[in-house]
Amino acid sequence: MFGKVLVANRGEIALRLIRGLKDIGIRSVAVYSDADRASLAVSMADEAAYLGASAASESYLCSEKILEAAKRHQAEAIHPGYGFLSENANFAAATREAGLVFIGPPAEAIRKMGSKTTARQVAIAAGAPVVPGTQERIQSIEQARETARKLGYPVLLKAAAGGGGKGMRAVDREEDLAGAWRDASSEALRAFGSDEVYLEKMVLEPRHIEIQILGDHHGNLIHLGERECSIQRRHQKVIEECPSPVMLANPELRSRMGEAAVKIARSAGYANAGTMEFLVDRDLNFYFLEMNTRLQVEHPVTELVTGLDLVEWQLRIASGERLTLKQEDVRWSGSAIECRIYAEDPENQFLPSPGTITYLHEPAGPGVRLDSGIYAGWNVPVEYDPLLAKLIAWAPSRERALGRLDRALAEYAIGGIRNNIAFFRDVLADEAFRSGVFSTAFLDGFFERRPAAKVDLEAEAAAALVAARGLGRASLSRDSQKSAWLTAGLERNLR
Amino acid sequence: MKYETLIGEVPGTIEIDGSHFRYRRADGQAIEGDVSLAGLEPGCYSVLIGGRSFRLTAGSLDVQVFDPRDLRGRKAGGASQGRQEVTAPMPGKVVRVLATVGDAVESGQGLVVVEAMKMQNEIKSRKPGRVVEVRTRPDAAVVAGEVLLVVE
């Protein structure tokens, strides 16, 4: 095992990794930019190395500076976390060439699985289902009609250069195909400078479910079950859980998807921790989407239900140890649900809200895990992702886990910046979410269908009394005192 | 002591006499009773009203309290007529300025793109009008509330 590891990341994940290293007696080296000098990760690590200016391109994305820091501090290995350089095959190769260990998959596997199109080919070769489609440019309307007939309606027209829903059209009937193709092509041309469009079968009411896999460098590969990730805003996950509510009703689906994920990983020559993302339709057909060749943000959900420490396994595997865990040793117990706590304003299109945290009360108690990177007085930088913390609740059943999560959210208070704590309490109160029957479209129209808030006079009076007390102390010549007081419950009532 | 209040969008008054209070909203709903207020750590209070316990923290909800004896009083609510100051809703960096002085703009039209926390956000005009002033430029760092553009 390593004696010292450099953590090439920031925020909550840097702290999670430093803790994981300390847990098993490995010395930790943090890295930091100007904006992160006073971060928790830096103060909690055994050693810290300065990278450069706050812009990620000058610091956390700068492979030379990170490798140089690792050498200076005599670290034997680098853990990249998620984001930044974690899925950069060149960085993984450069780490190896520098005589250090990259804690993650081999550079070749990152290269293969990092591209959506080659990953799709690997999956097809491994016999795993992918969303049926051509991936080839539509040349004529006759060709499009023939392909659509083979796939079966509804179909989806997609821009080859696309993203963000532009150049995309859903087509229910053959009569609409020609017009939709024309519209999608011209939209794609305007948005991406290319009018290339292809056809795919449309997955109805899709759920986004991913499978965690773990493999060593000796050919052992297993899966650790699924994470349900359908609740998303701006195509980014906000709530993840294990088990997925569909697995509770269909336990055999977990082994089928798990086996498919292991097959894909095997044919990619994959080792260490990784995640296969799938779409699951309402008839429980599943289709491989893409792979994340790194530790996921939402890995704690899997840790809580399996009792395994994924970071510890990453370290052991990277140091050459064998995966002593067999597939049949993996057990799933209870239910874990995670909320991603972001510095953003859900009541205003999720606009980011960086700034100084003036007050912080963190939840605790039975079944609650908080992976956080903040403290009262911390200035949330404008340069990076708005993720502040992850709040995860575990309980023997989904219903109890929901209760515990809501209780923990009610305890949680972050002052000074906008955040999505109260929004999560609204989601947890939603009937569709509680029932477990939802798709990736869950948040579409959520704010419109959310029940109107009831007036709570006592809560309003409490807020006014505290604000007036502040004013009473201030000089009377001040023209007005604008205070910002709330409780989590009050904020919901007064939105 | 009597204060005017503005909680969310709703105006009201609160009268405080020792531990007794009376809170009245403009829509006529009112309560009165006794309050117990205890400061916890800085930025946090415990308030007991009608047997209920509230933990109040300095956060993001605007609760405004005004002393009506103050002559300067409270500013008229809402934006001034016709003139619209387009401000940055959060600190960040200006990526693009989508309008120039003299441009006629529609309500909801994008005027400036500000990037913060890896996301680009389009700041839109709240009403139709003409751009009379552009106070920012691409790559400028802006603070929350900073005026970027003026539309009349």
# chains A, B, ... in the order shown; residues from 1 in each chain; ligands from 1
>>> select_by_dssp(residues="region 301-378 of chain A", states="helix (DSSP H, G or I)", output="NGL selection string")
:A and (301-306 or 310-318 or 327-329 or 346-348)
>>> write_last_selection(atoms="N, CA and C atoms", output="PDB file, in the first residue's frame")
ATOM      1  N   VAL A 301     -23.947   6.697  -1.652  1.00  0.00           N
ATOM      2  CA  VAL A 301     -25.199   5.943  -1.634  1.00  0.00           C
ATOM      3  C   VAL A 301     -24.898   4.438  -1.675  1.00  0.00           C
ATOM      4  N   THR A 302     -23.966   4.052  -2.567  1.00  0.00           N
ATOM      5  CA  THR A 302     -23.567   2.653  -2.682  1.00  0.00           C
ATOM      6  C   THR A 302     -22.815   2.199  -1.435  1.00  0.00           C
ATOM      7  N   GLU A 303     -21.972   3.086  -0.906  1.00  0.00           N
ATOM      8  CA  GLU A 303     -21.214   2.721   0.299  1.00  0.00           C
ATOM      9  C   GLU A 303     -22.145   2.408   1.464  1.00  0.00           C
ATOM     10  N   LEU A 304     -23.225   3.203   1.601  1.00  0.00           N
ATOM     11  CA  LEU A 304     -24.107   3.003   2.748  1.00  0.00           C
ATOM     12  C   LEU A 304     -24.920   1.718   2.642  1.00  0.00           C
ATOM     13  N   VAL A 305     -25.354   1.332   1.441  1.00  0.00           N
ATOM     14  CA  VAL A 305     -26.160   0.107   1.350  1.00  0.00           C
ATOM     15  C   VAL A 305     -25.312  -1.165   1.264  1.00  0.00           C
ATOM     16  N   THR A 306     -24.074  -1.050   0.750  1.00  0.00           N
ATOM     17  CA  THR A 306     -23.242  -2.260   0.654  1.00  0.00           C
ATOM     18  C   THR A 306     -22.273  -2.390   1.826  1.00  0.00           C
ATOM     19  N   LEU A 310     -15.589   2.548  -1.017  1.00  0.00           N
ATOM     20  CA  LEU A 310     -15.124   2.545  -2.409  1.00  0.00           C
ATOM     21  C   LEU A 310     -13.738   3.166  -2.550  1.00  0.00           C
ATOM     22  N   VAL A 311     -13.467   4.195  -1.764  1.00  0.00           N
ATOM     23  CA  VAL A 311     -12.163   4.856  -1.857  1.00  0.00           C
ATOM     24  C   VAL A 311     -11.060   3.904  -1.388  1.00  0.00           C
ATOM     25  N   GLU A 312     -11.337   3.181  -0.305  1.00  0.00           N
ATOM     26  CA  GLU A 312     -10.347   2.213   0.168  1.00  0.00           C
ATOM     27  C   GLU A 312     -10.079   1.153  -0.904  1.00  0.00           C
ATOM     28  N   TRP A 313     -11.149   0.669  -1.559  1.00  0.00           N
ATOM     29  CA  TRP A 313     -10.954  -0.328  -2.616  1.00  0.00           C
ATOM     30  C   TRP A 313     -10.190   0.257  -3.796  1.00  0.00           C
ATOM     31  N   GLN A 314     -10.448   1.532  -4.137  1.00  0.00           N
ATOM     32  CA  GLN A 314      -9.693   2.165  -5.222  1.00  0.00           C
ATOM     33  C   GLN A 314      -8.207   2.156  -4.919  1.00  0.00           C
ATOM     34  N   LEU A 315      -7.878   2.485  -3.655  1.00  0.00           N
ATOM     35  CA  LEU A 315      -6.471   2.539  -3.252  1.00  0.00           C
ATOM     36  C   LEU A 315      -5.844   1.157  -3.285  1.00  0.00           C
ATOM     37  N   ARG A 316      -6.560   0.173  -2.752  1.00  0.00           N
ATOM     38  CA  ARG A 316      -6.014  -1.186  -2.696  1.00  0.00           C
ATOM     39  C   ARG A 316      -5.788  -1.733  -4.099  1.00  0.00           C
ATOM     40  N   ILE A 317      -6.776  -1.501  -4.974  1.00  0.00           N
ATOM     41  CA  ILE A 317      -6.656  -1.992  -6.357  1.00  0.00           C
ATOM     42  C   ILE A 317      -5.496  -1.302  -7.072  1.00  0.00           C
ATOM     43  N   ALA A 318      -5.397   0.034  -6.884  1.00  0.00           N
ATOM     44  CA  ALA A 318      -4.328   0.784  -7.564  1.00  0.00           C
ATOM     45  C   ALA A 318      -2.954   0.340  -7.093  1.00  0.00           C
ATOM     46  N   GLN A 327     -18.637 -11.621  -6.270  1.00  0.00           N
ATOM     47  CA  GLN A 327     -19.968 -11.086  -6.543  1.00  0.00           C
ATOM     48  C   GLN A 327     -20.983 -11.534  -5.478  1.00  0.00           C
ATOM     49  N   GLU A 328     -20.898 -12.800  -5.091  1.00  0.00           N
ATOM     50  CA  GLU A 328     -21.894 -13.303  -4.132  1.00  0.00           C
ATOM     51  C   GLU A 328     -21.682 -12.744  -2.717  1.00  0.00           C
ATOM     52  N   ASP A 329     -20.527 -12.096  -2.470  1.00  0.00           N
ATOM     53  CA  ASP A 329     -20.293 -11.481  -1.152  1.00  0.00           C
ATOM     54  C   ASP A 329     -20.999 -10.133  -1.027  1.00  0.00           C
ATOM     55  N   PRO A 346     -33.103  27.756  -6.423  1.00  0.00           N
ATOM     56  CA  PRO A 346     -34.099  26.981  -7.165  1.00  0.00           C
ATOM     57  C   PRO A 346     -35.316  27.821  -7.555  1.00  0.00           C
ATOM     58  N   GLU A 347     -35.600  28.883  -6.777  1.00  0.00           N
ATOM     59  CA  GLU A 347     -36.771  29.710  -7.067  1.00  0.00           C
ATOM     60  C   GLU A 347     -36.478  30.696  -8.196  1.00  0.00           C
ATOM     61  N   ASN A 348     -35.257  30.738  -8.679  1.00  0.00           N
ATOM     62  CA  ASN A 348     -34.885  31.638  -9.759  1.00  0.00           C
ATOM     63  C   ASN A 348     -34.005  30.884 -10.768  1.00  0.00           C
TER      64      ASN A 348
END
>>> interface_residues(of="chain B", to="chain A", cutoff="9 Å", atoms="only C-alpha atoms", output="MDAnalysis selection string")
chainID B and resid 3 5:9 13:14 16 21:25 29:31 35 37 42:45 47:50 52 54:67 69:75 89:93 115:119 121
>>> write_last_selection(atoms="C-alpha atoms", output="PDB file, in the first residue's frame")
ATOM      1  CA  TYR B   3     -42.651  48.811  12.802  1.00  0.00           C
ATOM      2  CA  THR B   5     -42.758  44.960   7.785  1.00  0.00           C
ATOM      3  CA  LEU B   6     -42.319  43.518   4.345  1.00  0.00           C
ATOM      4  CA  ILE B   7     -42.040  39.744   4.296  1.00  0.00           C
ATOM      5  CA  GLY B   8     -41.623  38.267   0.880  1.00  0.00           C
ATOM      6  CA  GLU B   9     -44.044  40.481  -1.043  1.00  0.00           C
ATOM      7  CA  THR B  13     -46.982  45.856  10.831  1.00  0.00           C
ATOM      8  CA  ILE B  14     -45.557  44.511  14.040  1.00  0.00           C
ATOM      9  CA  ILE B  16     -43.778  45.136  20.280  1.00  0.00           C
ATOM     10  CA  PHE B  21     -46.429  41.469  20.196  1.00  0.00           C
ATOM     11  CA  ARG B  22     -49.154  42.065  17.641  1.00  0.00           C
ATOM     12  CA  TYR B  23     -48.522  41.163  13.992  1.00  0.00           C
ATOM     13  CA  ARG B  24     -50.940  42.287  11.300  1.00  0.00           C
ATOM     14  CA  ARG B  25     -50.687  41.613   7.568  1.00  0.00           C
ATOM     15  CA  GLN B  29     -54.800  38.351   8.955  1.00  0.00           C
ATOM     16  CA  ALA B  30     -53.383  39.036  12.404  1.00  0.00           C
ATOM     17  CA  ILE B  31     -52.148  37.383  15.554  1.00  0.00           C
ATOM     18  CA  VAL B  35     -42.829  35.869  22.494  1.00  0.00           C
ATOM     19  CA  LEU B  37     -36.508  35.228  22.042  1.00  0.00           C
ATOM     20  CA  PRO B  42     -24.147  34.676  16.086  1.00  0.00           C
ATOM     21  CA  GLY B  43     -26.616  34.576  13.222  1.00  0.00           C
ATOM     22  CA  CYS B  44     -29.082  32.287  14.956  1.00  0.00           C
ATOM     23  CA  TYR B  45     -32.078  32.847  17.242  1.00  0.00           C
ATOM     24  CA  VAL B  47     -38.108  32.089  18.984  1.00  0.00           C
ATOM     25  CA  LEU B  48     -41.037  30.648  20.953  1.00  0.00           C
ATOM     26  CA  ILE B  49     -44.498  31.815  19.849  1.00  0.00           C
ATOM     27  CA  GLY B  50     -47.806  30.214  20.821  1.00  0.00           C
ATOM     28  CA  ARG B  52     -44.231  26.621  18.835  1.00  0.00           C
ATOM     29  CA  PHE B  54     -38.744  28.358  15.563  1.00  0.00           C
ATOM     30  CA  ARG B  55     -35.059  28.326  14.841  1.00  0.00           C
ATOM     31  CA  LEU B  56     -34.228  31.385  12.775  1.00  0.00           C
ATOM     32  CA  THR B  57     -30.994  31.752  10.928  1.00  0.00           C
ATOM     33  CA  ALA B  58     -29.607  34.609   8.916  1.00  0.00           C
ATOM     34  CA  GLY B  59     -30.339  33.342   5.455  1.00  0.00           C
ATOM     35  CA  SER B  60     -31.681  34.212   2.089  1.00  0.00           C
ATOM     36  CA  LEU B  61     -35.257  35.324   2.740  1.00  0.00           C
ATOM     37  CA  ASP B  62     -35.721  39.072   2.791  1.00  0.00           C
ATOM     38  CA  VAL B  63     -37.588  40.244   5.854  1.00  0.00           C
ATOM     39  CA  GLN B  64     -37.638  44.019   5.860  1.00  0.00           C
ATOM     40  CA  VAL B  65     -38.518  46.080   8.898  1.00  0.00           C
ATOM     41  CA  PHE B  66     -38.941  49.863   8.780  1.00  0.00           C
ATOM     42  CA  ASP B  67     -39.292  52.432  11.486  1.00  0.00           C
ATOM     43  CA  ARG B  69     -40.909  57.603  12.457  1.00  0.00           C
ATOM     44  CA  ASP B  70     -37.955  57.891  10.156  1.00  0.00           C
ATOM     45  CA  LEU B  71     -38.691  60.688   7.679  1.00  0.00           C
ATOM     46  CA  ARG B  72     -36.648  59.159   4.899  1.00  0.00           C
ATOM     47  CA  GLY B  73     -38.866  56.150   5.321  1.00  0.00           C
ATOM     48  CA  ARG B  74     -39.159  53.421   2.912  1.00  0.00           C
ATOM     49  CA  LYS B  75     -38.493  53.738  -0.754  1.00  0.00           C
ATOM     50  CA  PRO B  89     -28.089  38.556 -10.266  1.00  0.00           C
ATOM     51  CA  MET B  90     -24.873  36.994  -8.968  1.00  0.00           C
ATOM     52  CA  PRO B  91     -21.153  37.684  -9.023  1.00  0.00           C
ATOM     53  CA  GLY B  92     -19.342  36.362 -12.076  1.00  0.00           C
ATOM     54  CA  LYS B  93     -17.696  37.246 -15.338  1.00  0.00           C
ATOM     55  CA  GLU B 115     -20.752  33.144 -16.288  1.00  0.00           C
ATOM     56  CA  ALA B 116     -20.564  31.943 -12.707  1.00  0.00           C
ATOM     57  CA  MET B 117     -19.703  28.524 -11.305  1.00  0.00           C
ATOM     58  CA  LYS B 118     -19.165  26.995 -14.753  1.00  0.00           C
ATOM     59  CA  MET B 119     -22.639  28.006 -15.950  1.00  0.00           C
ATOM     60  CA  ASN B 121     -26.662  32.657 -17.566  1.00  0.00           C
TER      61      ASN B 121
END
>>> select_by_dssp(residues="region 12-209 of chain A", states="strand (DSSP E or B)", output="NGL selection string")
:A and (27-33 or 47-52 or 77-79 or 101-102 or 130 or 133 or 155-159 or 163 or 166 or 169-171 or 197-201 or 207-209)
>>> write_last_selection(atoms="N, CA and C atoms", output="short mmCIF file (atom, residue, chain, number, x, y, z; two decimals), in the first residue's frame")
data_model
loop_
_atom_site.label_atom_id
_atom_site.label_comp_id
_atom_site.auth_asym_id
_atom_site.auth_seq_id
_atom_site.Cartn_x
_atom_site.Cartn_y
_atom_site.Cartn_z
N ARG A 27 -0.61 9.07 4.36
CA ARG A 27 -0.47 10.53 4.43
C ARG A 27 -1.09 11.18 3.19
N SER A 28 -1.69 12.36 3.39
CA SER A 28 -2.42 13.01 2.30
C SER A 28 -1.78 14.33 1.93
N VAL A 29 -1.77 14.63 0.63
CA VAL A 29 -1.29 15.92 0.13
C VAL A 29 -2.45 16.59 -0.61
N ALA A 30 -2.87 17.75 -0.13
CA ALA A 30 -3.90 18.52 -0.83
C ALA A 30 -3.22 19.44 -1.82
N VAL A 31 -3.95 19.87 -2.84
CA VAL A 31 -3.46 20.92 -3.73
C VAL A 31 -4.47 22.06 -3.69
N TYR A 32 -4.03 23.28 -3.97
CA TYR A 32 -4.98 24.38 -3.90
C TYR A 32 -4.62 25.51 -4.85
N SER A 33 -5.66 26.27 -5.20
CA SER A 33 -5.51 27.49 -6.00
C SER A 33 -5.62 28.68 -5.03
N GLU A 47 -0.34 17.51 4.22
CA GLU A 47 0.53 18.44 3.50
C GLU A 47 -0.30 19.13 2.42
N ALA A 48 0.17 20.26 1.93
CA ALA A 48 -0.58 20.95 0.88
C ALA A 48 0.39 21.62 -0.07
N ALA A 49 0.02 21.64 -1.35
CA ALA A 49 0.87 22.23 -2.38
C ALA A 49 0.08 23.28 -3.16
N TYR A 50 0.70 24.43 -3.35
CA TYR A 50 0.07 25.51 -4.10
C TYR A 50 0.20 25.23 -5.59
N LEU A 51 -0.91 25.45 -6.33
CA LEU A 51 -0.87 25.22 -7.78
C LEU A 51 -0.77 26.51 -8.57
N GLY A 52 -1.67 27.47 -8.27
CA GLY A 52 -1.66 28.70 -9.05
C GLY A 52 -2.93 29.49 -8.88
N ALA A 77 1.28 8.23 -5.38
CA ALA A 77 0.11 8.05 -6.24
C ALA A 77 -0.72 9.33 -6.24
N ILE A 78 -1.59 9.45 -7.26
CA ILE A 78 -2.48 10.61 -7.38
C ILE A 78 -3.92 10.13 -7.49
N HIS A 79 -4.79 10.66 -6.64
CA HIS A 79 -6.22 10.38 -6.78
C HIS A 79 -6.86 11.62 -7.41
N VAL A 101 1.53 6.39 -9.56
CA VAL A 101 0.34 5.58 -9.83
C VAL A 101 -0.88 6.49 -9.94
N PHE A 102 -1.64 6.31 -11.00
CA PHE A 102 -2.90 7.02 -11.18
C PHE A 102 -3.99 6.16 -10.55
N VAL A 130 -27.93 -1.27 -26.48
CA VAL A 130 -27.77 0.19 -26.60
C VAL A 130 -29.07 0.72 -27.21
N GLY A 133 -30.56 2.51 -33.06
CA GLY A 133 -30.46 3.67 -33.93
C GLY A 133 -29.35 3.45 -34.93
N VAL A 155 -39.75 7.88 -32.78
CA VAL A 155 -38.30 7.95 -32.97
C VAL A 155 -37.81 9.37 -32.64
N LEU A 156 -36.50 9.46 -32.50
CA LEU A 156 -35.90 10.74 -32.15
C LEU A 156 -34.88 11.11 -33.21
N LEU A 157 -35.01 12.32 -33.77
CA LEU A 157 -33.99 12.85 -34.68
C LEU A 157 -32.99 13.61 -33.83
N LYS A 158 -31.70 13.33 -34.03
CA LYS A 158 -30.67 13.97 -33.20
C LYS A 158 -29.56 14.54 -34.05
N ALA A 159 -29.09 15.74 -33.68
CA ALA A 159 -27.96 16.34 -34.38
C ALA A 159 -26.69 15.60 -34.00
N GLY A 163 -26.20 18.58 -28.63
CA GLY A 163 -26.15 18.70 -27.19
C GLY A 163 -27.17 19.71 -26.74
N LYS A 166 -30.75 20.89 -28.65
CA LYS A 166 -30.85 21.59 -29.93
C LYS A 166 -30.67 20.61 -31.08
N ARG A 169 -35.62 16.34 -32.43
CA ARG A 169 -37.08 16.32 -32.65
C ARG A 169 -37.62 14.92 -32.38
N ALA A 170 -38.71 14.85 -31.63
CA ALA A 170 -39.41 13.59 -31.43
C ALA A 170 -40.45 13.44 -32.53
N VAL A 171 -40.53 12.27 -33.13
CA VAL A 171 -41.50 12.05 -34.21
C VAL A 171 -42.37 10.84 -33.86
N VAL A 197 -27.84 14.86 -39.20
CA VAL A 197 -28.84 14.39 -38.25
C VAL A 197 -28.96 12.88 -38.37
N TYR A 198 -29.14 12.17 -37.23
CA TYR A 198 -29.34 10.72 -37.29
C TYR A 198 -30.59 10.32 -36.52
N LEU A 199 -30.97 9.08 -36.64
CA LEU A 199 -32.22 8.58 -36.04
C LEU A 199 -31.95 7.60 -34.91
N GLU A 200 -32.77 7.71 -33.88
CA GLU A 200 -32.63 6.82 -32.74
C GLU A 200 -34.04 6.47 -32.27
N LYS A 201 -34.20 5.30 -31.70
CA LYS A 201 -35.50 4.97 -31.12
C LYS A 201 -35.69 5.81 -29.87
N ARG A 207 -35.88 6.30 -17.22
CA ARG A 207 -35.21 6.50 -15.95
C ARG A 207 -33.71 6.46 -16.24
N HIS A 208 -32.97 7.18 -15.43
CA HIS A 208 -31.52 7.17 -15.55
C HIS A 208 -31.00 6.33 -14.38
N ILE A 209 -30.53 5.13 -14.70
CA ILE A 209 -30.04 4.23 -13.65
C ILE A 209 -28.63 3.80 -14.01
#
>>> closest_residue(among="A:Leu221, A:Met1, A:Ala452, A:Ala93", to="Ala265 (chain A)", atoms="only C-alpha atoms")
A:Leu221
